[in-house]
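Below is one structure, written out as structure tokens; the observations come after it.
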Amino acid sequence: MYGILQAHCISASRLTLQAGRTFSRQLSRRKSPAARQAGITTLGFILLVIFVGLFAFAALRLTPVYLNYMKIVGVVNGVHDEYDGQNPTRSALRGSIARRMDIDSVGVITARDVKVTAVEGGFEVAAVYDHTSPFIANVSFIVHFDKKVVVRR
């Protein structure tokens with residue numbers, strides 16, 4: 001009888017050990033809620049795409065505005081490089097501005113919109129203007145440009 005009781009206790013302790021191992025394996029397989037979360041939800045992804053899309057669309061709308069500004073900067077700097085220190089006249093500066101704007105196909109402003117004013121020691125050539133670019137519905141971008149150079153006599 002002692003042998004049967006001992007065998008029963010041994011087998012019961014083995015069952016307990018096996019059940020404990022199984023339970024610990026199940027615990028090790030389960031992860032915390034924070035560890036199970038990965039990635040982005042569909043709603044989060046849609047909001048991210050909309051946010052990035054708005055910035056990309058704004059960049060597409062503003063790129064031509066800044067490219068036109070770069071043309072105008074090239075015209076004003078070209079007049080400065082051509083006539084600086086050459087004792088130019090106002091009409092010579094205006095003619096150069098008109099010619100350069102025609103060659104560069106500047107359509108945002110005209111040669112008359114570029115101001116040539118006499119200052120001490122020469123002329124100030126100033127292209128100051130605002131450009132409005134539509135964005136979405138009744139929302140627009142207004143960009144202010146101010147390029148000035150002094151052509152010395």
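Residue numbering restarts at 1 in every chain; chains get A, B, ... in the order shown in the structure tokens, and ligands count up from 1 in that same order.
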
Would you kindly return, as a list in words, each protein, DNA or RNA residue with an atom no farther than 12 Å from any atom of Ala92 (chain A), considering only C-alpha atoms and excluding same-chain residues fewer than 3 positions away? Val79, His80, Glu82, Tyr83, Gln86, Asn87, Pro88, Thr89, Gly95, Ser96, Ile97, Ala98, Arg99, Val116, Phe123 and Val151 of chain A

Write down as a PyMOL selection string the residues of region 12-145 of chain A whose backbone DSSP state falls under helix (DSSP H, G or I). chain A and resi 12-29+33-36+42-83+90-103+111-113

For Val150 (chain A), find every residue with an atom within 9 Å (counting only C-alpha atoms), except residues of its own chain fewer than 6 positions away, and show them as a list in words. His80, Asp84, Val119, Gly121, Gly122, Phe123, Glu124, Val125 and Ala126 of chain A

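Separating CA of Val108 (chain A) from CA of Leu67 (chain A) is a distance of 10.8 Å.
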
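Computed from the coordinates, the CA of Arg61 (chain A) to CA of Val73 (chain A) distance equals 19.8 Å.
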
At a cut-off of 9 Å, can you tabulate as a Markdown table every residue of region 47-68 of chain A near region 129-141 of chain A together with its closest atom pair and the distance in Å to one decimal, using only C-alpha atoms and ordering rows by chain then number?
```
| residue | atom | partner | partner_atom | distance |
| --- | --- | --- | --- | --- |
| A:Phe57 | CA | A:Phe135 | CA | 8.1 |
| A:Ala58 | CA | A:Phe135 | CA | 6.8 |
| A:Arg61 | CA | A:Phe135 | CA | 6.8 |
| A:Leu62 | CA | A:Ser133 | CA | 7.2 |
| A:Val65 | CA | A:His131 | CA | 7.2 |
```

File of the preceding selection, N, CA and C atoms, as a PDB file, in the first residue's frame:
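Saved result, result21.pdb, follows:
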```pdb
ATOM      1  N   PHE A  57       0.286  69.359 -52.293  1.00  0.00           N
ATOM      2  CA  PHE A  57      -0.512  70.216 -53.179  1.00  0.00           C
ATOM      3  C   PHE A  57      -0.105  71.677 -53.035  1.00  0.00           C
ATOM      4  N   ALA A  58       0.173  72.118 -51.801  1.00  0.00           N
ATOM      5  CA  ALA A  58       0.647  73.487 -51.585  1.00  0.00           C
ATOM      6  C   ALA A  58       1.980  73.710 -52.280  1.00  0.00           C
ATOM      7  N   ARG A  61       1.384  74.190 -55.937  1.00  0.00           N
ATOM      8  CA  ARG A  61       0.806  75.492 -56.255  1.00  0.00           C
ATOM      9  C   ARG A  61       1.825  76.616 -56.111  1.00  0.00           C
ATOM     10  N   LEU A  62       2.776  76.497 -55.204  1.00  0.00           N
ATOM     11  CA  LEU A  62       3.728  77.579 -54.956  1.00  0.00           C
ATOM     12  C   LEU A  62       5.006  77.487 -55.791  1.00  0.00           C
ATOM     13  N   VAL A  65       5.173  80.014 -58.663  1.00  0.00           N
ATOM     14  CA  VAL A  65       5.283  81.372 -58.139  1.00  0.00           C
ATOM     15  C   VAL A  65       6.744  81.699 -57.856  1.00  0.00           C
TER      16      VAL A  65
END
```
